[in-house]
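Structure record follows, encoded as structure tokens.
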Amino acid sequence: MTAPTAPKFIGSPVRRKEDPRLITGKATYTDDVVLPNMAHVALVRSPEAHARIVSIDSTVAMEMPGVVAVYTGTDLQDALAPLPCVHSIENLKEPAHPAVAPEIVRYAGDGVAVVVADTAAAAEDAARQVHVEYERLPVVVDVVEATTADSDLVHTDMGTNIAFTSVTDVGDVDSAFEKADVVIKQRLVNQRQIPMAMEPRAVVADYDAGYDKLTIWSSTQVPHFVRLLIAAVCGHPENRVRVIAPEVGGGFGSKLNFYAEEAIVAYVSKALCRPAKWNGRRTEDILATIHGRDQICDLEIAADNSGNLLGVRADLYQDLGAYHQLLTPVIPGLTVGMLPGCYVLKNLHVTLHGVFTNKTPTDAYRGAGRPEATFIIERAMDLIARATDMDPVDVRRLNFPASDEFPFTTVTGMEYDSGNYQATLDSLLEKVDYDSLRSDQERRRKADELVGVGLSTYVEVCGMGPSAAMTAGGWEACELEVRRTGGVIVKTGISPHGQGEETTFAQIVADGLGMTPDDVEVLHGDTDITEQGIGTFGSRGQAVGGAALSLCVQTIREKARRIAGHLLEASETDIVFEEGKLFPKGVPAKALEFQEIVDAAYVANALPPEIEPGLSATHFFDPPNFTFPFGAHLAVVAIDKETGKVNIERYVAVDDCGRIINPMIVAGQLHGGIAQGIAQALYEEAIYDDNGQLSTGSLMDYAVPKAAWIPTFELGHTETLTPVNPLGAKGVGEAGTIASSAAVINAVVDALSPFGVAHLDMPASPQNVWRAIKGGL
Amino acid sequence: MLPGEFEYRRVTSVEEAVSLLAENEEAKLLAGGHSLLPMMKLHFAAPSMLVDIGGIQDLAFTKQDGDSLVVGSMTTHAHIAASDTVGAEHGALAEAAASIGDVQVRNRGTIGGSLAHADPAADYGAAVLALDAQIDLVGPNGERSVDAANFFCGFLSTSMEPAELITAIRFSDTGDATSVYEKFAQPASGFAIVGVAAKITKQDNCCVAARIAATGISDRPIRLPAVEETLVGAELDDNVIATAAEQADASLTNVRVDMYAAEDYRRHLLRVMVRRAAVRAAS
């Protein structure tokens with residue numbers, strides 16, 4: 001086929017088609033779904049981190065006005081199968097995770113009983129009157145202590161808190177350390193984060209007894225997984241389950257899951273034959289939605305005096321929380337996989353410990369295991385620079401693979417698709433005028449200012465992913481239908497919730513078929529409309545979902561040319577399809593409008609027998625590999641020496657996410673992503689006390705940064721296409737978060753280096769920075 | 001979370017509010033609602049009745065009364081922050097108001113509501129102590145006025161009687177004094193980890209009067225007499241002020257401690273904020 005003409009919309013900052021409804025309040029979120037005779041569900045949640053349920057008395061609650069039913073874990077344990085975990089980890093210990101705890105609660109917030117009432121207020125009031133007697137059990141909080149032989153246990157019958165241990169041992173690590181001029185040991189902590197999507201989770205279920213059909217509205221990133229797992233957990237046939245993800249107000253991985261409430265509300269609707277809704281409150285969402293990160297790395301680095309990275313040893317402790325959620329044990333595996341970062345590393349030994357504690361389960365949170373990896377390896381680079389008295393730029397450059405070494409296979413078996421790490425770093429250094437930045441820093445230091453410059457050169461694994469490497473499939477599906485009047489419907493299996501594919505997919509179609517983005521409607525998030533899909537996560541929307549769409553566009557183009565060839569009595573191979581017109585090569589005067597092809601396809605009275613009527617296409621795209629976006633970020637910070645407060649003066653990033661469909665949306669993804677990484681670096685930390693109580697259980701205590709605290713971002717790009725999909729797009733949803741925490745902390749440590757500070761854990765809060773200064777004075 | 005059930009009454013006069021409070025022991029006043037409603041949603045407070053005084057027009061004002069500035073209790077933080085009347089003479093009050101919460105909070109929250117709630121980290125506490133304010137109250141037994149110094153009794157506790165409400169806050173003429181407010185905010189809540197209001201009167205460069213008060217540091221806002229004594233009579237320069245600021249926490253016991261500031265760090269921040277406030281007020 002001929003290639004589409006030069007792109008008109010791909011690469012342009014087309015305004016988001018989604019925005020008018022979002023910013024004028026016309027969007028429909030799950031809580032906006034109101035159905036006749038709808039019941040409301042409230043959960044009684046455990047105030048204890050670990051306890052045996054002695055008794056549950058719901059007599060008072062049941063007598064309250066409007067109360068319809070109260071279910072305990074015992075009532076539900078036969079009806080609802082345990083919540084699923086998808087993984088391929090050998091010998092993983094998988095304790096049952098009941099939707100409602102029948103006997104033992106294992107974290108503060110664990111569900112104990114379900115109250116159903118006619119109104120949300122009645123349900124909440126009654127939930128407060130369900131009296132539960134608890135017998136406290138020993139609480140496990142510290143993830144490293146939890147691995148010791150005499151530790152108290154989260155799951156007593158497991159006999160250990162260690163769900164799995166996996167060892168990665170490649171090369172000859174011991175001799176690398178023997179040969180090393182420099183050996184550095186450092187503990188690095190990736191503190192627990194609360195994802196805090198703007199919209200807390202919510203579920204509505206409507207059971208239609210006439211069709212024996214369950215319809216679920218859920219604030220989810222993965223409606224097709226929810227369909228499958230509603231079927232599996234509730235025992236309802238999957239072909240009579242419809243899941244709708246209406247407008248979803250952010251997810252960041254926390255809605256890449258299957259939650260107890262989805263099964264519970266489905267059960268309630270079916271049991272009572274009436275619609276039912278659960279709408280998570282903020283404080284409830286903080287306890288009962290997965291948390292992210294919470295990883296401790298005991299790191300040893302071997303290097304030579306020239307700054308060459310020779311080997312890495314690491315003990316990684318992943319706090320799993322109390323249970324496996326959908327992907328809990330899989331996440332730290334991504335840390336191990338990406339531990340080499342964008343450097344040539346030949347010798348690696350990592351022991352990964354997945355450990356249960358009496359806390360909210362952890363799972364995917366923006367970047368999911370890769371921000372942790374970046375933080376480890378980027379801190380390591382700065383530690384080598386410090387030990388060898390080199391510039392951090394030079395250490396990085398020295399250890400990059402050359403641009404002609406791609407595809408580049410790492411010690412952990414990843415095959416980096418394409419890259420040019422020198423190019424992004426060079427572009428960054430030029431953008432900031434690195435030499436003058438450093439001399440300015442020197443000048444300000446002499447004036448007694450604390451100023452630091454921090455780098456993070458990162459690579460991430462995205463575009464998830466090849467089904468061969470994904471436990472539950474990694475393809476994506478798309479349908480493209482040209483309507484009779486020429487408008488296009490795209491039905492995609494991804495489930496955007498802020499990523500802007502209603503716009504970017506429209507741009508792709510508009511260029512491919514010679515129309516405008518306004519001619520294209522992109523439908524998603526309804527399993528009765530898009531019958532197959534995997535969802536939106538792992539920066540896969542464009543790289544996998546967009547790729548499936550471009551296959552559909554190609555199929556439509558080919559069919560249009562066949563029809564045109566027939567109508568124009570020319571060979572289809574001679575038909576040119578340009579800017580919405582089809583004509584025999586060299587004879588544009590004979591051009592047919594695309595609309596004439598559409599008419600011919602649907603009227604169908606002039607089609608030869610070998611051409612089927614209609615103009616639509618369906619494709620599944622399964623990528624042969626992941627994609628590996630990369631880039632170089634730099635932060636300049638100044639620290640108030642007296643209070644310890646860090647101010648980010650500049651934040652500059654040069655990213656390479658492959659083909660850019662819409663630079664404005666890419667910038668938006670980077671802005672949000674970088675802000676989220678800055679949040680981890682400076683502000684956010686979920687803190688549990690010794691009793692397993694979440695001390696940061698509200699937005700009065702958990703410091704999500706405000707917009708005004710985030711600096712202006714200076715962004716640049718290089719564009720290295722990936723060969724693994726037809727678009728050349730790598731993905732950009734997580735890049736900012738993956739890169740930025742390390743850049744900011746490297747800058748803070750650089751600022752504090754006059755005090756002898758070699759490392760500071762996150763968050764670099766004023767108090768922590770003040771202590772570091774004080775310790776170094 | 002949703003609050004429990006309560007009766008809601010919107011009143012149009014102070015008298016009506018006082019009589020409803022007097023008749024209903026479990027009733028609470030609703031001003032801007034930015035402290036009470038979150039507590040009700042979290043079930044830390046469960047009043048049987050809310051007496052909404054948002055409809056009493058004549059409680060929202062700032063005016064000059066002779067030499068005094070009078071601020072009505074239902075005046076919002078945003079109004080106080082933007083008021084030229086306030087800012088010209090009582091910088092500490094305007095700056096404290098401007099530092100509260102966020103735009104939404106400042107547009108709804110009121111000075112009377114904040115003072116009556118008496119959160120130990122609220123910003124106005126330091127300002128009213130440093131500016132020597134009088135708090136006008138009305139109750140079943142009529143009107144009375146309380147010195148700011150006698151108003152705060154402890155954590156979320158004031159000398160107000162149960163059926164009393166604040167009608168206005170009076171600030172006497174500051175003469176030649178300059179007052180400022182310096183705050184180090186808790187990042188999540190926006191409340192003060194430490195907030196310091198300083199009011200300093202100079203003749204030539206000599207300090208003739210100083211009132212320094214802090215919030216966030218203890219169970220209530222407090223004055224810092226040791227700092228004041230060191231400043232008064234001294235020729236003001238940065239060294240003198242720094243020496244005075246070192247006194248800030250000397251006799252302090254019962255220092256607040258939380259995740260964001262352990263005792264040593266909070267004491268340190270108090271000294272820093274006192275110095276910064278005094279330097280600015282003296283300049």
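Ordering of the structure tokens sets the chain letters (A, B, ...), residue numbers begin anew at 1 in every chain, and ligands are numbered from 1 in the order given.
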* Asked: Could you write out, as an MDAnalysis selection string, all the residues of stretch 350-395 of chain A that DSSP marks as strand (DSSP E or B)?
  -> chainID A and resid 350:356 362
Please save N, CA and C atoms of the selected residues as a JSON list (two decimals), in the first residue's frame.
[["chain", "number", "residue", "atom", "x", "y", "z"],
["A", 350, "VAL", "N", 20.61, -9.87, 42.76],
["A", 350, "VAL", "CA", 19.51, -9.27, 43.52],
["A", 350, "VAL", "C", 18.72, -10.36, 44.21],
["A", 351, "THR", "N", 18.47, -10.17, 45.48],
["A", 351, "THR", "CA", 17.52, -11.02, 46.18],
["A", 351, "THR", "C", 16.30, -10.18, 46.50],
["A", 352, "LEU", "N", 15.18, -10.60, 45.97],
["A", 352, "LEU", "CA", 13.93, -9.87, 46.18],
["A", 352, "LEU", "C", 13.08, -10.63, 47.18],
["A", 353, "HIS", "N", 12.69, -9.92, 48.25],
["A", 353, "HIS", "CA", 11.85, -10.52, 49.27],
["A", 353, "HIS", "C", 10.47, -9.87, 49.21],
["A", 354, "GLY", "N", 9.45, -10.64, 48.92],
["A", 354, "GLY", "CA", 8.07, -10.12, 48.96],
["A", 354, "GLY", "C", 7.48, -10.46, 50.31],
["A", 355, "VAL", "N", 7.11, -9.44, 51.09],
["A", 355, "VAL", "CA", 6.83, -9.67, 52.51],
["A", 355, "VAL", "C", 5.46, -9.10, 52.90],
["A", 356, "PHE", "N", 4.67, -9.91, 53.59],
["A", 356, "PHE", "CA", 3.38, -9.43, 54.10],
["A", 356, "PHE", "C", 3.57, -8.62, 55.38],
["A", 362, "THR", "N", -0.09, -3.19, 48.72],
["A", 362, "THR", "CA", 0.53, -2.32, 47.71],
["A", 362, "THR", "C", 0.29, -2.94, 46.32]]
What are the closest atom pairs, with distances in Å to one decimal, for each residue of stretch 201-301 of chain A lying within 7 Å of stretch 71-84 of chain A, using only C-alpha atoms, rows by chain and rising residue number, as a tab-separated table?
residue	atom	partner	partner_atom	distance
A:Val233	CA	A:Ala81	CA	4.6
A:Cys234	CA	A:Leu80	CA	5.3
A:Ala260	CA	A:Leu83	CA	6.9
* To do: Please report as an MDAnalysis selection string which residues of chain A come no farther than 6 Å from chain B, using only C-alpha atoms.
  => chainID A and resid 281 700:703
Include N, CA and C atoms and write out the residues we just selected as a PDB file, in the first residue's frame.
ATOM      1  N   ARG A 281     -15.664   7.083  50.205  1.00  0.00           N
ATOM      2  CA  ARG A 281     -15.332   8.411  50.733  1.00  0.00           C
ATOM      3  C   ARG A 281     -13.822   8.559  50.705  1.00  0.00           C
ATOM      4  N   MET A 700      -5.542  16.146  55.441  1.00  0.00           N
ATOM      5  CA  MET A 700      -5.009  17.090  56.425  1.00  0.00           C
ATOM      6  C   MET A 700      -3.632  16.630  56.907  1.00  0.00           C
ATOM      7  N   ASP A 701      -3.302  15.365  56.636  1.00  0.00           N
ATOM      8  CA  ASP A 701      -2.037  14.813  57.131  1.00  0.00           C
ATOM      9  C   ASP A 701      -1.123  14.351  56.015  1.00  0.00           C
ATOM     10  N   TYR A 702      -1.713  13.942  54.890  1.00  0.00           N
ATOM     11  CA  TYR A 702      -0.941  13.407  53.781  1.00  0.00           C
ATOM     12  C   TYR A 702      -0.777  14.525  52.768  1.00  0.00           C
ATOM     13  N   ALA A 703       0.478  14.919  52.526  1.00  0.00           N
ATOM     14  CA  ALA A 703       0.736  16.181  51.830  1.00  0.00           C
ATOM     15  C   ALA A 703       0.840  16.021  50.319  1.00  0.00           C
TER      16      ALA A 703
END
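Distances to B:Ala17 were evaluated for B:Ala213, B:Ala122, B:Met49, B:Val255 using only C-alpha atoms, and the minimum falls at B:Met49.
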* **Long-range neighbours of A:Val461 as a list in words, 9 Å cut-off, only C-alpha atoms, 5 positions minimum in chain** => Leu334, Gly337, Met338, Arg370, Met414, Tyr416, Gly538, Ser539, Phe626, Thr627, Phe628 and Pro629 of chain A
* **Test item: residues at most 10 Å from B:Ser172, only C-alpha atoms, excluding those fewer than 3 positions along its chain, as JSON, numbers by chain** => {"B": [64, 65, 66, 67, 68, 69, 70, 89, 90, 131, 132, 133, 134, 175]}
Please run DSSP on the backbone and report, as a compact mmCIF listing (two decimals) with N, CA and C atoms, in the first residue's frame, all residues within stretch 188-407 of chain A that come out as alpha helix (DSSP H).
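After the write, selection05.txt holds the following:
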# COMPACT_ATOMS: atom_id res chain seq x y z
N PRO A 223 -11.92 -2.20 32.41
CA PRO A 223 -13.27 -2.77 32.46
C PRO A 223 -13.33 -4.23 32.00
N HIS A 224 -12.49 -4.62 31.04
CA HIS A 224 -12.57 -6.01 30.56
C HIS A 224 -12.06 -6.99 31.60
N PHE A 225 -11.03 -6.60 32.35
CA PHE A 225 -10.59 -7.45 33.46
C PHE A 225 -11.69 -7.54 34.51
N VAL A 226 -12.34 -6.41 34.78
CA VAL A 226 -13.41 -6.44 35.78
C VAL A 226 -14.52 -7.38 35.31
N ARG A 227 -14.85 -7.35 34.01
CA ARG A 227 -15.87 -8.27 33.49
C ARG A 227 -15.47 -9.72 33.76
N LEU A 228 -14.23 -10.04 33.41
CA LEU A 228 -13.74 -11.40 33.60
C LEU A 228 -13.78 -11.80 35.07
N LEU A 229 -13.38 -10.87 35.94
CA LEU A 229 -13.22 -11.24 37.35
C LEU A 229 -14.54 -11.18 38.12
N ILE A 230 -15.48 -10.37 37.65
CA ILE A 230 -16.84 -10.45 38.19
C ILE A 230 -17.37 -11.86 37.92
N ALA A 231 -17.14 -12.32 36.69
CA ALA A 231 -17.58 -13.67 36.33
C ALA A 231 -16.92 -14.70 37.24
N ALA A 232 -15.61 -14.55 37.44
CA ALA A 232 -14.87 -15.55 38.22
C ALA A 232 -15.22 -15.49 39.70
N VAL A 233 -15.33 -14.29 40.26
CA VAL A 233 -15.52 -14.16 41.71
C VAL A 233 -16.99 -14.32 42.09
N CYS A 234 -17.90 -13.78 41.27
CA CYS A 234 -19.32 -13.85 41.60
C CYS A 234 -20.00 -15.07 40.96
N ALA A 260 -12.66 -5.67 46.22
CA ALA A 260 -13.76 -6.32 46.95
C ALA A 260 -15.10 -5.66 46.66
N GLU A 261 -15.12 -4.32 46.61
CA GLU A 261 -16.40 -3.62 46.48
C GLU A 261 -17.07 -3.93 45.15
N GLU A 262 -16.28 -4.22 44.10
CA GLU A 262 -16.89 -4.55 42.81
C GLU A 262 -17.68 -5.86 42.93
N ALA A 263 -17.08 -6.83 43.62
CA ALA A 263 -17.78 -8.10 43.82
C ALA A 263 -18.95 -7.95 44.79
N ILE A 264 -18.74 -7.17 45.83
CA ILE A 264 -19.78 -7.02 46.87
C ILE A 264 -21.03 -6.34 46.28
N VAL A 265 -20.83 -5.25 45.56
CA VAL A 265 -21.98 -4.51 45.03
C VAL A 265 -22.71 -5.36 43.98
N ALA A 266 -21.95 -6.11 43.18
CA ALA A 266 -22.58 -7.02 42.22
C ALA A 266 -23.43 -8.05 42.97
N TYR A 267 -22.86 -8.59 44.03
CA TYR A 267 -23.60 -9.59 44.83
C TYR A 267 -24.88 -8.99 45.40
N VAL A 268 -24.77 -7.79 45.96
CA VAL A 268 -25.92 -7.15 46.60
C VAL A 268 -27.03 -6.93 45.57
N SER A 269 -26.66 -6.43 44.39
CA SER A 269 -27.68 -6.17 43.37
C SER A 269 -28.38 -7.45 42.96
N LYS A 270 -27.61 -8.50 42.83
CA LYS A 270 -28.19 -9.77 42.41
C LYS A 270 -29.05 -10.36 43.53
N ALA A 271 -28.55 -10.28 44.76
CA ALA A 271 -29.28 -10.87 45.88
C ALA A 271 -30.60 -10.14 46.13
N LEU A 272 -30.60 -8.82 45.95
CA LEU A 272 -31.79 -8.04 46.27
C LEU A 272 -32.61 -7.71 45.03
N ARG A 282 -13.36 9.79 50.78
CA ARG A 282 -11.90 10.02 50.67
C ARG A 282 -11.12 9.23 51.74
N THR A 283 -11.59 9.33 52.99
CA THR A 283 -10.84 8.65 54.06
C THR A 283 -10.88 7.12 53.88
N GLU A 284 -12.00 6.65 53.33
CA GLU A 284 -12.16 5.21 53.09
C GLU A 284 -11.28 4.79 51.91
N ASP A 285 -11.27 5.62 50.88
CA ASP A 285 -10.47 5.33 49.69
C ASP A 285 -8.99 5.27 50.06
N ILE A 286 -8.57 6.12 50.97
CA ILE A 286 -7.17 6.14 51.40
C ILE A 286 -6.78 4.82 52.06
N LEU A 287 -7.72 4.23 52.80
CA LEU A 287 -7.43 2.96 53.49
C LEU A 287 -7.61 1.75 52.59
N ALA A 288 -8.60 1.80 51.68
CA ALA A 288 -9.05 0.58 51.02
C ALA A 288 -8.70 0.51 49.54
N ILE A 331 4.86 -6.34 40.96
CA ILE A 331 5.42 -4.99 40.83
C ILE A 331 6.92 -4.93 41.12
N PRO A 332 7.39 -5.51 42.25
CA PRO A 332 8.84 -5.38 42.52
C PRO A 332 9.69 -6.10 41.49
N GLY A 333 9.12 -7.06 40.76
CA GLY A 333 9.85 -7.72 39.69
C GLY A 333 10.26 -6.72 38.60
N LEU A 334 9.43 -5.70 38.40
CA LEU A 334 9.78 -4.66 37.43
C LEU A 334 10.97 -3.84 37.93
N THR A 335 11.06 -3.68 39.25
CA THR A 335 12.23 -2.99 39.80
C THR A 335 13.50 -3.76 39.47
N VAL A 336 13.43 -5.06 39.69
CA VAL A 336 14.61 -5.89 39.40
C VAL A 336 14.93 -5.82 37.91
N GLY A 337 13.91 -5.95 37.08
CA GLY A 337 14.12 -5.97 35.63
C GLY A 337 14.77 -4.69 35.12
N MET A 338 14.42 -3.55 35.73
CA MET A 338 14.93 -2.27 35.24
C MET A 338 16.08 -1.72 36.09
N ARG A 370 9.18 0.77 38.43
CA ARG A 370 10.27 1.42 37.68
C ARG A 370 10.77 2.70 38.32
N PRO A 371 9.90 3.52 38.97
CA PRO A 371 10.46 4.66 39.70
C PRO A 371 11.43 4.19 40.78
N GLU A 372 11.10 3.05 41.39
CA GLU A 372 11.98 2.50 42.42
C GLU A 372 13.34 2.16 41.80
N ALA A 373 13.30 1.50 40.62
CA ALA A 373 14.54 1.11 39.95
C ALA A 373 15.36 2.34 39.58
N THR A 374 14.67 3.35 39.02
CA THR A 374 15.38 4.57 38.63
C THR A 374 16.02 5.22 39.84
N PHE A 375 15.26 5.28 40.92
CA PHE A 375 15.80 5.91 42.13
C PHE A 375 17.07 5.19 42.58
N ILE A 376 17.04 3.86 42.54
CA ILE A 376 18.20 3.08 43.00
C ILE A 376 19.41 3.33 42.10
N ILE A 377 19.23 3.16 40.79
CA ILE A 377 20.39 3.22 39.90
C ILE A 377 20.86 4.67 39.73
N GLU A 378 19.94 5.63 39.78
CA GLU A 378 20.37 7.03 39.64
C GLU A 378 21.04 7.55 40.91
N ARG A 379 20.60 7.07 42.04
CA ARG A 379 21.35 7.39 43.26
C ARG A 379 22.73 6.74 43.19
N ALA A 380 22.76 5.50 42.67
CA ALA A 380 24.04 4.79 42.56
C ALA A 380 25.03 5.57 41.70
N MET A 381 24.53 6.12 40.60
CA MET A 381 25.42 6.89 39.71
C MET A 381 26.02 8.08 40.45
N ASP A 382 25.19 8.77 41.24
CA ASP A 382 25.71 9.92 41.97
C ASP A 382 26.66 9.50 43.09
N LEU A 383 26.39 8.33 43.67
CA LEU A 383 27.30 7.84 44.72
C LEU A 383 28.66 7.49 44.11
N ILE A 384 28.64 6.92 42.90
CA ILE A 384 29.92 6.63 42.22
C ILE A 384 30.64 7.93 41.91
N ALA A 385 29.88 8.92 41.41
CA ALA A 385 30.50 10.21 41.08
C ALA A 385 31.17 10.82 42.31
N ARG A 386 30.48 10.72 43.43
CA ARG A 386 31.02 11.27 44.68
C ARG A 386 32.29 10.53 45.08
N ALA A 387 32.22 9.17 44.99
CA ALA A 387 33.36 8.37 45.44
C ALA A 387 34.58 8.53 44.53
N THR A 388 34.34 8.79 43.25
CA THR A 388 35.46 8.90 42.31
C THR A 388 35.79 10.35 42.00
N PRO A 392 28.76 13.98 37.85
CA PRO A 392 27.71 12.97 37.60
C PRO A 392 27.39 12.80 36.11
N VAL A 393 27.56 13.84 35.34
CA VAL A 393 27.33 13.74 33.89
C VAL A 393 28.32 12.74 33.28
N ASP A 394 29.58 12.86 33.67
CA ASP A 394 30.62 12.02 33.07
C ASP A 394 30.44 10.56 33.45
N VAL A 395 30.04 10.30 34.70
CA VAL A 395 29.82 8.92 35.12
C VAL A 395 28.71 8.29 34.28
N ARG A 396 27.66 9.04 34.07
CA ARG A 396 26.54 8.50 33.29
C ARG A 396 26.97 8.22 31.85
N ARG A 397 27.57 9.25 31.26
CA ARG A 397 27.97 9.10 29.85
C ARG A 397 28.88 7.89 29.64
N LEU A 398 29.79 7.72 30.59
CA LEU A 398 30.75 6.62 30.52
C LEU A 398 30.07 5.25 30.49
N ASN A 399 28.94 5.16 31.18
CA ASN A 399 28.31 3.85 31.34
C ASN A 399 27.14 3.60 30.39
* Identify, on the basis of only C-alpha atoms, every residue whose closest approach to B:Arg271 does not exceed 9 Å; exclude the query and any residue fewer than 2 positions from it along the same chain; express the result as a ChimeraX atom specification. => /B:242,244-249,266-269,273-276
* **Residues near B:Arg106, cut-off 6 Å, only C-alpha atoms, skip fewer than 2 positions along chain, as number ranges by chain** => B: 77-78, 103-104, 108-109
Quick one: everything within 9 Å of B:Pro140, counting only C-alpha atoms, minus sequence neighbours fewer than 5 positions away in the same chain. Send it as a PDB file with N, CA and C atoms, in the first residue's frame.
ATOM      1  N   GLU B  15     -29.764  37.808  68.441  1.00  0.00           N
ATOM      2  CA  GLU B  15     -30.634  37.419  69.560  1.00  0.00           C
ATOM      3  C   GLU B  15     -31.214  36.022  69.327  1.00  0.00           C
ATOM      4  N   VAL B  18     -28.556  33.428  69.884  1.00  0.00           N
ATOM      5  CA  VAL B  18     -28.260  33.218  71.308  1.00  0.00           C
ATOM      6  C   VAL B  18     -29.370  32.425  71.971  1.00  0.00           C
ATOM      7  N   SER B  19     -30.616  32.739  71.632  1.00  0.00           N
ATOM      8  CA  SER B  19     -31.682  32.010  72.321  1.00  0.00           C
ATOM      9  C   SER B  19     -31.737  30.544  71.876  1.00  0.00           C
ATOM     10  N   ALA B  22     -29.043  28.881  73.783  1.00  0.00           N
ATOM     11  CA  ALA B  22     -29.379  28.745  75.202  1.00  0.00           C
ATOM     12  C   ALA B  22     -30.389  27.625  75.419  1.00  0.00           C
ATOM     13  N   ALA B 163     -23.498  29.444  75.453  1.00  0.00           N
ATOM     14  CA  ALA B 163     -24.497  30.092  74.581  1.00  0.00           C
ATOM     15  C   ALA B 163     -24.023  31.444  74.063  1.00  0.00           C
ATOM     16  N   GLU B 164     -22.730  31.708  74.161  1.00  0.00           N
ATOM     17  CA  GLU B 164     -22.211  32.983  73.671  1.00  0.00           C
ATOM     18  C   GLU B 164     -21.748  32.871  72.220  1.00  0.00           C
TER      19      GLU B 164
END
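Closest approach to A:Gly614 among A:Ile556, A:Ala6, A:Val33, A:Val666 is made by A:Ile556 (distances from only C-alpha atoms).
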